[in-house]
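Report on the structure given below.
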Amino acid sequence: MAESGDAPRADGRRLKPLLFVSNHAGDASVLADYLRSYGYLLVGSMVAEGYAETEQDGGPLLSVVWEPHPGGVTVAWKEKGRVWEHREEILPASFAETDENRRRRMLRLTFHRLLAREPECRDAIQSPPQPWGILTGVRPSKMLQRFIDQGFSDDEIRSIAEKDFGVDPGRSALLLSVCHTQRPHLPALDEGRNRVSLYIGYPFCPSRCSYCSFPGYELKRWRKWQDACHQAMENEIRQVGKAAAEMGFQVETLYFGGGTPTCMPPADMDRLLCAVQESFSIMPQAEWTVEGGRPETLTDEMLSVVASHPVNRICVNPQSMNPETLARIGRQHDAATLREAMARVRDKGWRINCDLILGLPGEGLAEIEYSLREVLALRPDNVTLHGLAIKRGSAYKEQEEGLPERLSGLEMIARSRAALAEAGYIPYYLYRQKDSLAGGENIGYSVPGHECLYNILMIEERQTILGLGTGAGSKFLKPGDWSLENLYNPKDMIQYIDRIEDLIHRKVDKLANLV
Ligand code: SF4
């Protein structure tokens with residue numbers, strides 16, 4: 001058995017070992033990820049008729065007993081001589097699902113309800129039930145959008161989310177309101193088949209932020225590769241753009257992200273944006289977003305170059321407005337630099353997206369409320385609240401110190417949401433990340449009518465996205481059924497450069513399959 005302490009979770013916190021027994025083989029894999037989000041690692045899994053048949057030394061044990069079909073399922077948590085149990089009857093759901101999906105859903109739901117109904121069991125696990133119930137996917141709104149497509153009423157959808165998936169009422173209301181805000185922007189099944197979005201991924205950053213898991217390259221160490229990388233990107237943009245235009249595809253939104261594209265020499269930014277304009281067929285009202293996440297890179301020269309193209313939205317990311325935090329997380333700007341950059345961007349007439357992170361080490365409610373006040377005073381068009389999710393590859397991976405506890409994390413999320421609502425912003429896209437702060441979510445807020453279309457289309461997966469550049473993912477959406485095929489460029493920049501011709505041909509072939 002692994003010792004607790006041997007198993008760091010992706011967010012750096014320690015996983016506790018958990019024995020598992022079920023009378024149905026395969027249940028461990030259904031629950032493993034879900035239990036991870038509660039801080040447990042399945043270290044032994046047996047097929048047996050419940051906890052009574054097993055020996056254990058007082059450490060926690062989870063047992064599952066299925067009754068003969070249709071019957072029910074009982075989940076029990078056993079720890080230090082105490083046992084808490086919950087049984088659910090297997091009833092048909094009010095929506096279409098396969099028998100196997102129902103079995104998997106009921107297993108998680110029964111565990112969720114055990115926690116919801118047994119306060120002492122919650123105390124033993126040291127965790128309240130997850131606010132998202134048994135939904136573990138990145139895009140919970142996609143499921144609700146499908147129910148809207150199928151003609152379910154709002155009440156029916158909320159009932160499914162809360163009763164069949166255990167989502168808390170606040171989250172189900174939030175999700176439904178996000179879905180309705182998105183609805184006018186979502187193409188119908190038979191609509192806009194010739195429209196695509198572009199994502200251009202840029203691998204370099206001026207320096208590395210300590211919470212970052214993006215597979216990026218620090219400029220000071222990797223500068224000598226910049227020219228070759230820009231050359232490969234231009235080549236990919238021009239060849240894929242020409243092929244897409246010849247096949248009749250039109251670009252509706254473009255997002256130049258990364259990384260920090262605005263840390264490249266301005267002349268190279270000009271060259272790459274020219275390549276986009278000259279090769280792709282772009283809709284006249286297309287949304288063009290450039291990520292200038294590091295405010296210090298938004299110099300007058302860079303902004304003049306960007307302004308010579310049809311860019312109409314810029315991301316300027318404060319993450320926090322507290323000087324101690326900015327220094328601690330390795331950002332190279334301060335609040336004054338951010339304000340100056342925002343003013344310069346505003347002068348160009350562009351819309352502004354800002355990111356804030358909740359749960360940064362050393363930050364509590366007071367620091368977050370201060371950051372929100374300062375950022376909202378600048379009236380960005382969009383604010384995305386990210387819950388800190390510490391992943392492999394970040395400098396925080398092995399560190400727990402200074403990270404907020406689950407309950408204070410939930411309070412931070414609730415207070416931030418209230419502040420944005422008070423300031424007149426509406427939630428318009430939402431996604432979840434593994435091991436995010438307090439099991440919460442990332443939410444994009446917008447001044448009503450100023451939503452970033454790319455964010456909606458990318459999260460809801462209702463338009464083909466062509467990913468160009470290092471690590472960029474393409475999603476080819478098959479006409480008629482929303483089914484997706486993914487294709488990824490290598491995250492390794494040198495491989496990306498070496499394999500560029502092959503990557504271009506594969507992408508063009510996939511695109512041709514959609515025509
Ligand atoms: S600017 Fe963004 S991508 Fe670059 S290191 Fe910081 S968090 Fe990572």
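Letters A, B, ... go to the chains of the structure tokens in the order shown; residues in each chain start at 1; ligands are counted from 1 in the same order.
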
Within 10 Å of region 463-467 of chain A: each region 136-226 of chain A residue with its shortest pair, only C-alpha atoms, as a tab-separated table:
residue	atom	partner	partner_atom	distance
A:Leu186	CA	A:Gln463	CA	8.7
A:Pro187	CA	A:Gln463	CA	7.7
A:Leu189	CA	A:Gln463	CA	9.9
A:Glu191	CA	A:Gln463	CA	9.9
A:Gly192	CA	A:Gln463	CA	8.3
A:Arg193	CA	A:Gln463	CA	7.9
A:Asn194	CA	A:Thr464	CA	9.0
A:Arg195	CA	A:Gln463	CA	7.2
A:Val196	CA	A:Thr464	CA	5.0
A:Ser197	CA	A:Ile465	CA	4.7
A:Leu198	CA	A:Leu466	CA	4.9
A:Tyr199	CA	A:Gly467	CA	4.7
A:Ile200	CA	A:Gly467	CA	5.9
A:Gly201	CA	A:Gly467	CA	7.3

Next, dump the selected residues to file, keeping only C-alpha atoms, as a PDB file, in the first residue's frame.
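This is the output file result.pdb:
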ATOM      1  CA  LEU A 186     -24.206  29.091 -31.106  1.00  0.00           C
ATOM      2  CA  PRO A 187     -24.655  27.876 -34.649  1.00  0.00           C
ATOM      3  CA  LEU A 189     -26.662  21.923 -36.406  1.00  0.00           C
ATOM      4  CA  GLU A 191     -25.839  26.282 -39.887  1.00  0.00           C
ATOM      5  CA  GLY A 192     -22.473  27.858 -40.669  1.00  0.00           C
ATOM      6  CA  ARG A 193     -20.791  24.663 -41.889  1.00  0.00           C
ATOM      7  CA  ASN A 194     -18.262  26.655 -43.857  1.00  0.00           C
ATOM      8  CA  ARG A 195     -17.223  28.757 -40.852  1.00  0.00           C
ATOM      9  CA  VAL A 196     -14.159  28.043 -38.759  1.00  0.00           C
ATOM     10  CA  SER A 197     -12.254  29.638 -35.912  1.00  0.00           C
ATOM     11  CA  LEU A 198      -8.477  29.899 -35.734  1.00  0.00           C
ATOM     12  CA  TYR A 199      -6.318  29.353 -32.709  1.00  0.00           C
ATOM     13  CA  ILE A 200      -2.668  30.324 -33.114  1.00  0.00           C
ATOM     14  CA  GLY A 201      -0.435  29.094 -30.307  1.00  0.00           C
TER      15      GLY A 201
END

Which residues are near Arg113 (chain A)? Cut-off 9 Å, only C-alpha atoms, ignore same chain within fewer than 6 positions. Put them as a tab-separated table (two decimals) with N, CA and C atoms, in the first residue's frame.
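The file below, around-v7.tsv, is the result:
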chain	number	residue	atom	x	y	z
A	86	HIS	N	-25.13	4.10	2.15
A	86	HIS	CA	-26.28	4.71	1.45
A	86	HIS	C	-26.68	3.80	0.28
A	87	ARG	N	-28.00	3.63	0.10
A	87	ARG	CA	-28.49	2.79	-1.00
A	87	ARG	C	-29.35	3.63	-1.93
A	88	GLU	N	-29.18	3.41	-3.22
A	88	GLU	CA	-30.03	4.07	-4.23
A	88	GLU	C	-30.67	2.99	-5.08
A	129	PRO	N	-19.66	17.48	-0.07
A	129	PRO	CA	-19.86	16.94	-1.42
A	129	PRO	C	-19.44	17.97	-2.46
A	166	GLY	N	-26.45	15.40	-9.23
A	166	GLY	CA	-26.04	15.90	-7.92
A	166	GLY	C	-25.44	17.29	-7.92

Spatial neighbours of Gly133 (chain A), max dist 8 Å, only C-alpha atoms, sep filter under 5 positions, as number ranges by chain: A: 109, 112, 162, 165-168

Using the selection just defined, write its residues with C-alpha atoms as a short mmCIF file (atom, residue, chain, number, x, y, z; two decimals), in the first residue's frame.
data_model
loop_
_atom_site.label_atom_id
_atom_site.label_comp_id
_atom_site.auth_asym_id
_atom_site.auth_seq_id
_atom_site.Cartn_x
_atom_site.Cartn_y
_atom_site.Cartn_z
CA LEU A 109 -24.32 9.51 -7.48
CA HIS A 112 -22.22 11.68 -3.63
CA GLU A 162 -29.55 18.41 -9.56
CA PHE A 165 -26.05 14.43 -11.44
CA GLY A 166 -26.04 15.90 -7.92
CA VAL A 167 -25.12 19.43 -9.05
CA ASP A 168 -25.85 21.95 -6.31
#

Which protein, DNA or RNA residues have an atom within 8 Å of ligand 1, counting only C-alpha atoms and all ligand atoms, as a PyMOL selection string? chain A and resi 203-216+218+258-260+293-294+331

Export of prior selection with C-alpha atoms as a PDB file, in the first residue's frame:
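Output saved as result_22.pdb:
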ATOM      1  CA  PRO A 203       5.326  29.108 -27.306  1.00  0.00           C
ATOM      2  CA  PHE A 204       7.475  31.889 -25.808  1.00  0.00           C
ATOM      3  CA  CYS A 205       7.032  33.949 -22.633  1.00  0.00           C
ATOM      4  CA  PRO A 206       9.287  36.632 -21.176  1.00  0.00           C
ATOM      5  CA  SER A 207       9.699  34.527 -18.004  1.00  0.00           C
ATOM      6  CA  ARG A 208       7.928  31.674 -16.280  1.00  0.00           C
ATOM      7  CA  CYS A 209       5.091  32.300 -13.815  1.00  0.00           C
ATOM      8  CA  SER A 210       5.353  29.966 -10.860  1.00  0.00           C
ATOM      9  CA  TYR A 211       1.806  28.526 -11.156  1.00  0.00           C
ATOM     10  CA  CYS A 212       2.121  27.896 -14.907  1.00  0.00           C
ATOM     11  CA  SER A 213       1.945  24.434 -16.427  1.00  0.00           C
ATOM     12  CA  PHE A 214       1.844  25.628 -20.039  1.00  0.00           C
ATOM     13  CA  PRO A 215       4.643  23.893 -21.939  1.00  0.00           C
ATOM     14  CA  GLY A 216       6.248  27.193 -22.879  1.00  0.00           C
ATOM     15  CA  GLU A 218      11.363  31.277 -21.545  1.00  0.00           C
ATOM     16  CA  GLY A 258       0.015  31.074 -25.986  1.00  0.00           C
ATOM     17  CA  GLY A 259       2.369  31.879 -24.301  1.00  0.00           C
ATOM     18  CA  THR A 260       2.752  35.590 -24.829  1.00  0.00           C
ATOM     19  CA  GLY A 293      -1.180  38.510 -21.113  1.00  0.00           C
ATOM     20  CA  ARG A 294       1.931  40.250 -19.801  1.00  0.00           C
ATOM     21  CA  ARG A 331       5.202  38.238 -12.827  1.00  0.00           C
TER      22      ARG A 331
END

Could you tell me, as a PyMOL selection string, which residues of region 29-223 of chain A DSSP assigns to helix (DSSP H, G or I) when given the backbone? chain A and resi 29-36+51-53+99-117+119-125+140-149+154-164+169-185+219-223

Fewer than 3 positions away in the same chain doesn't count, so skip those; otherwise give me all residues within 8 Å of Thr384 (chain A), counting only C-alpha atoms, as a PyMOL selection string. chain A and resi 353-356+442-445

Export of prior selection with N, CA and C atoms as an mmCIF file, in the first residue's frame:
data_model
loop_
_atom_site.group_PDB
_atom_site.id
_atom_site.type_symbol
_atom_site.label_atom_id
_atom_site.label_comp_id
_atom_site.auth_asym_id
_atom_site.auth_seq_id
_atom_site.Cartn_x
_atom_site.Cartn_y
_atom_site.Cartn_z
ATOM 1 N N ASN A 353 -10.107 41.717 -22.487
ATOM 2 C CA ASN A 353 -10.344 40.553 -21.619
ATOM 3 C C ASN A 353 -9.290 40.565 -20.519
ATOM 4 N N CYS A 354 -9.707 40.310 -19.282
ATOM 5 C CA CYS A 354 -8.749 40.212 -18.173
ATOM 6 C C CYS A 354 -8.910 38.874 -17.465
ATOM 7 N N ASP A 355 -7.819 38.318 -16.990
ATOM 8 C CA ASP A 355 -7.873 37.102 -16.168
ATOM 9 C C ASP A 355 -7.463 37.415 -14.735
ATOM 10 N N LEU A 356 -8.184 36.836 -13.789
ATOM 11 C CA LEU A 356 -7.769 36.877 -12.383
ATOM 12 C C LEU A 356 -7.707 35.442 -11.872
ATOM 13 N N ASN A 442 -13.822 27.618 -13.710
ATOM 14 C CA ASN A 442 -13.361 28.887 -14.274
ATOM 15 C C ASN A 442 -14.556 29.493 -14.995
ATOM 16 N N ILE A 443 -14.815 30.768 -14.724
ATOM 17 C CA ILE A 443 -15.986 31.391 -15.338
ATOM 18 C C ILE A 443 -15.577 32.682 -16.021
ATOM 19 N N GLY A 444 -16.043 32.838 -17.260
ATOM 20 C CA GLY A 444 -15.827 34.089 -17.971
ATOM 21 C C GLY A 444 -17.051 34.973 -17.814
ATOM 22 N N TYR A 445 -16.828 36.216 -17.386
ATOM 23 C CA TYR A 445 -17.904 37.198 -17.227
ATOM 24 C C TYR A 445 -17.754 38.275 -18.286
#

Would you work out the distance separating CA of Val75 (chain A) from CA of Leu15 (chain A), expressed in Å to one decimal?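 Distance between the two atoms: 20.8 Å.
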